[in-house]
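Working notes, structure below.
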Amino acid sequence: MTGSGPGGGGGGRLRVDARRNLESVLRAAREVFGELGYGAPMEEVARRAGVGVGTVYRRFPSKEVLVRRIASEEVAWLTAQAWESLNGDPQPWDALAGYLSRAVATGAGRLLPPEAFRYAERMDQVPAQRTAGEVPPLEIAAPPPGDGTADADPARLLELLGQLVERARSAGELRSGVRVTDVVLVLTASVPSYTEPSGDGAGTEGAPGAQGSSARLLRILLDGLRSDG
């Protein structure tokens with residue numbers, strides 16, 4: 001008999017090991033791509049995860065698949081946080097600043113896919129009287145089906161961020177001339193983890209008042225965004 005009794009259970013042990021390896025690869029990928037960008041090699045992901053590069057490729061047959069998985073998870077988390085900020089904080093500036101603080105503390109903003117920046121630029125080209133929902137949509141590749149990232153649409157994220165920006169602007173709390181693209185740049189301003197360790201990835205909130213380089217940089221950037229009046 002196999003897979004039963006003490007020392008058996010090979011199938012269960014393999015499943016546990018496979019899950020542990022997957023978590024290690026995803027954690028390492030967030031660190032590597034957050035520090036080096038999405039151009040970083042898969043070998044570095046494998047090294048940080050403590051597995052062979054073949055193990056990485058068995059779970060993710062190409063680097064593109066791994067990149068899409070990481071970007072989708074981060075965008076989904078950032079989108080949920082933006083929605084909560086819009087609906088949970090009645091103070092326009094506090095809602096925007098609090099959202100940026102959480103995003104920067106976790107490093108999630110560093111993992112935005114390039115299409116998010118393109119969408120932000122399109123939003124800024126639309127006349128001010130039009131809403132974010134009226135921006136011509138980008139053609140954005142959908143995340144792989146069944147991976148739990150149904151809300152991982154960069155366009156949706158930028159629409160919510162645009163609403164946070166417009167609300168702060170309408171309240172007179174945002175400097176004139178500040179655009180959505182400027183706020184997106186703040187969103188990506190976290191310091192790499194080798195300088196200041198971040199959270200455990202998507203869905204792990206760092207404290208808005210976190211100490212270290214990221215917090216100092218964020219305070220400087222927020223001061224630059226906020227209206228003197």
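The chains in the structure tokens are called A, B, ... from first to last as shown; in each chain the residues are counted from 1, and the ligands are counted from 1 in the order shown.
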Exercise for the section: Tell me, as a ChimeraX atom specification, which residues lie within 8 Å of Leu222 of chain A, counting only C-alpha atoms; anything in the same chain fewer than 4 positions away does not count. Expected result: /A:97,218,226
Could the residues in this selection be written to a file with all heavy atoms, as a short mmCIF file (atom, residue, chain, number, x, y, z; two decimals), in the first residue's frame?
```
data_model
loop_
_atom_site.label_atom_id
_atom_site.label_comp_id
_atom_site.auth_asym_id
_atom_site.auth_seq_id
_atom_site.Cartn_x
_atom_site.Cartn_y
_atom_site.Cartn_z
N ALA A 97 -5.33 60.72 0.66
CA ALA A 97 -4.03 60.53 1.32
C ALA A 97 -3.95 59.20 2.04
O ALA A 97 -2.91 58.53 2.01
CB ALA A 97 -3.79 61.68 2.31
N LEU A 218 6.66 59.71 1.04
CA LEU A 218 5.23 59.93 0.83
C LEU A 218 4.80 61.27 1.43
O LEU A 218 4.02 62.00 0.82
CB LEU A 218 4.43 58.79 1.45
CG LEU A 218 2.92 58.93 1.33
CD1 LEU A 218 2.48 58.94 -0.13
CD2 LEU A 218 2.20 57.81 2.09
N ARG A 226 -1.07 68.73 -1.91
CA ARG A 226 -2.14 69.39 -1.18
C ARG A 226 -2.15 70.90 -1.38
O ARG A 226 -1.09 71.55 -1.41
CB ARG A 226 -2.01 69.09 0.31
CG ARG A 226 -3.24 69.49 1.11
CD ARG A 226 -3.22 68.93 2.50
NE ARG A 226 -4.54 69.06 3.13
CZ ARG A 226 -4.84 68.60 4.34
NH1 ARG A 226 -3.93 67.94 5.03
NH2 ARG A 226 -6.06 68.77 4.84
#
```
Handout entry: Which of segment 65-115 of chain A DSSP labels alpha helix (DSSP H), written as a ChimeraX atom specification
Key = /A:65-88,92-106,114-115
Practice task
Using only C-alpha atoms, pick whichever of A:Tyr119, A:Thr106, A:Thr79, A:Val25 has the shortest atom-to-atom distance to Gly52 of chain A.
Solution key: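 The shortest atom-to-atom distance to Gly52 of chain A comes from A:Val25.
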Exercise for the section: Name all residues at most 9 Å from Val67 of chain A (count only C-alpha atoms; drop same-chain ones fewer than 5 positions away) and give them as a list in words. Expected result: Ala29, Phe33, Tyr38, Ser62, Ser72 and Pro113 of chain A
Okay, now the selection with N, CA and C atoms, as a tab-separated table (two decimals), in the first residue's frame?
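Resulting contents of result-v9.tsv:
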```
chain	number	residue	atom	x	y	z
A	29	ALA	N	8.27	36.72	-6.34
A	29	ALA	CA	7.99	37.49	-7.56
A	29	ALA	C	7.58	38.92	-7.22
A	33	PHE	N	9.94	41.78	-8.74
A	33	PHE	CA	9.34	42.72	-9.70
A	33	PHE	C	9.16	44.10	-9.08
A	38	TYR	N	9.20	44.55	-14.04
A	38	TYR	CA	8.73	43.31	-14.66
A	38	TYR	C	9.72	42.74	-15.67
A	62	SER	N	5.30	30.52	-18.58
A	62	SER	CA	6.08	31.61	-19.18
A	62	SER	C	6.15	32.75	-18.19
A	72	SER	N	-2.30	41.24	-11.67
A	72	SER	CA	-3.73	41.11	-11.43
A	72	SER	C	-4.05	41.14	-9.95
A	113	PRO	N	0.61	47.45	-13.76
A	113	PRO	CA	1.00	47.16	-15.15
A	113	PRO	C	1.08	48.42	-15.97
```
Exercise for the section: Point out the residue among A:Ala80, A:Leu86, A:Val53, A:Ile70 with the least atom-to-atom distance to Arg167 of chain A, counting only C-alpha atoms. Expected result: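 Distance minimum relative to Arg167 of chain A lands on A:Leu86.
In terms of minimum interatomic distance to Gly162 of chain A, A:Ala82 ranks closest within A:Gly37, A:Ala82, A:Arg20, A:Gly50, counting only C-alpha atoms.
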Exercise for the section: Record the distance separating atom CA of Phe117 of chain A and atom CA of Val56 of chain A, expressed in Å with one decimal. Expected result: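 So the two atoms, atom CA of Phe117 of chain A and atom CA of Val56 of chain A, lie 28.5 Å apart.
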Handout entry: Pick from A:Glu74, A:Asp223, A:Glu35, A:Asp17, whichever lies nearest to Val51 of chain A using only C-alpha atoms
Key = A:Asp17
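Taking only C-alpha atoms into account, Ala95 of chain A lies nearest to A:Val165 out of the set A:Val32, A:Val180, A:Val165, A:Ala18.
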Handout entry: Nearest to Gln81 of chain A, chosen from A:Leu111, A:Leu174, A:Leu100, A:Val184, with only C-alpha atoms counted in the distances
Key =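 For Gln81 of chain A, the nearest of the given residues is A:Leu100.
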Practice task
May I have the residues within 8 Å of Thr181 of chain A as a PyMOL selection string, using only C-alpha atoms and disregarding those fewer than 4 positions away in the same chain?
Solution key: chain A and resi 117+120-121+124+185
Problem - Gap from atom CA of Glu115 of chain A to atom CA of Pro154 of chain A - Å, one decimal - result: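 Atom CA of Pro154 of chain A lies 7.1 Å from atom CA of Glu115 of chain A.
When atom CA of Glu173 of chain A is paired with atom CA of Ala103 of chain A, their separation reads 20.2 Å.
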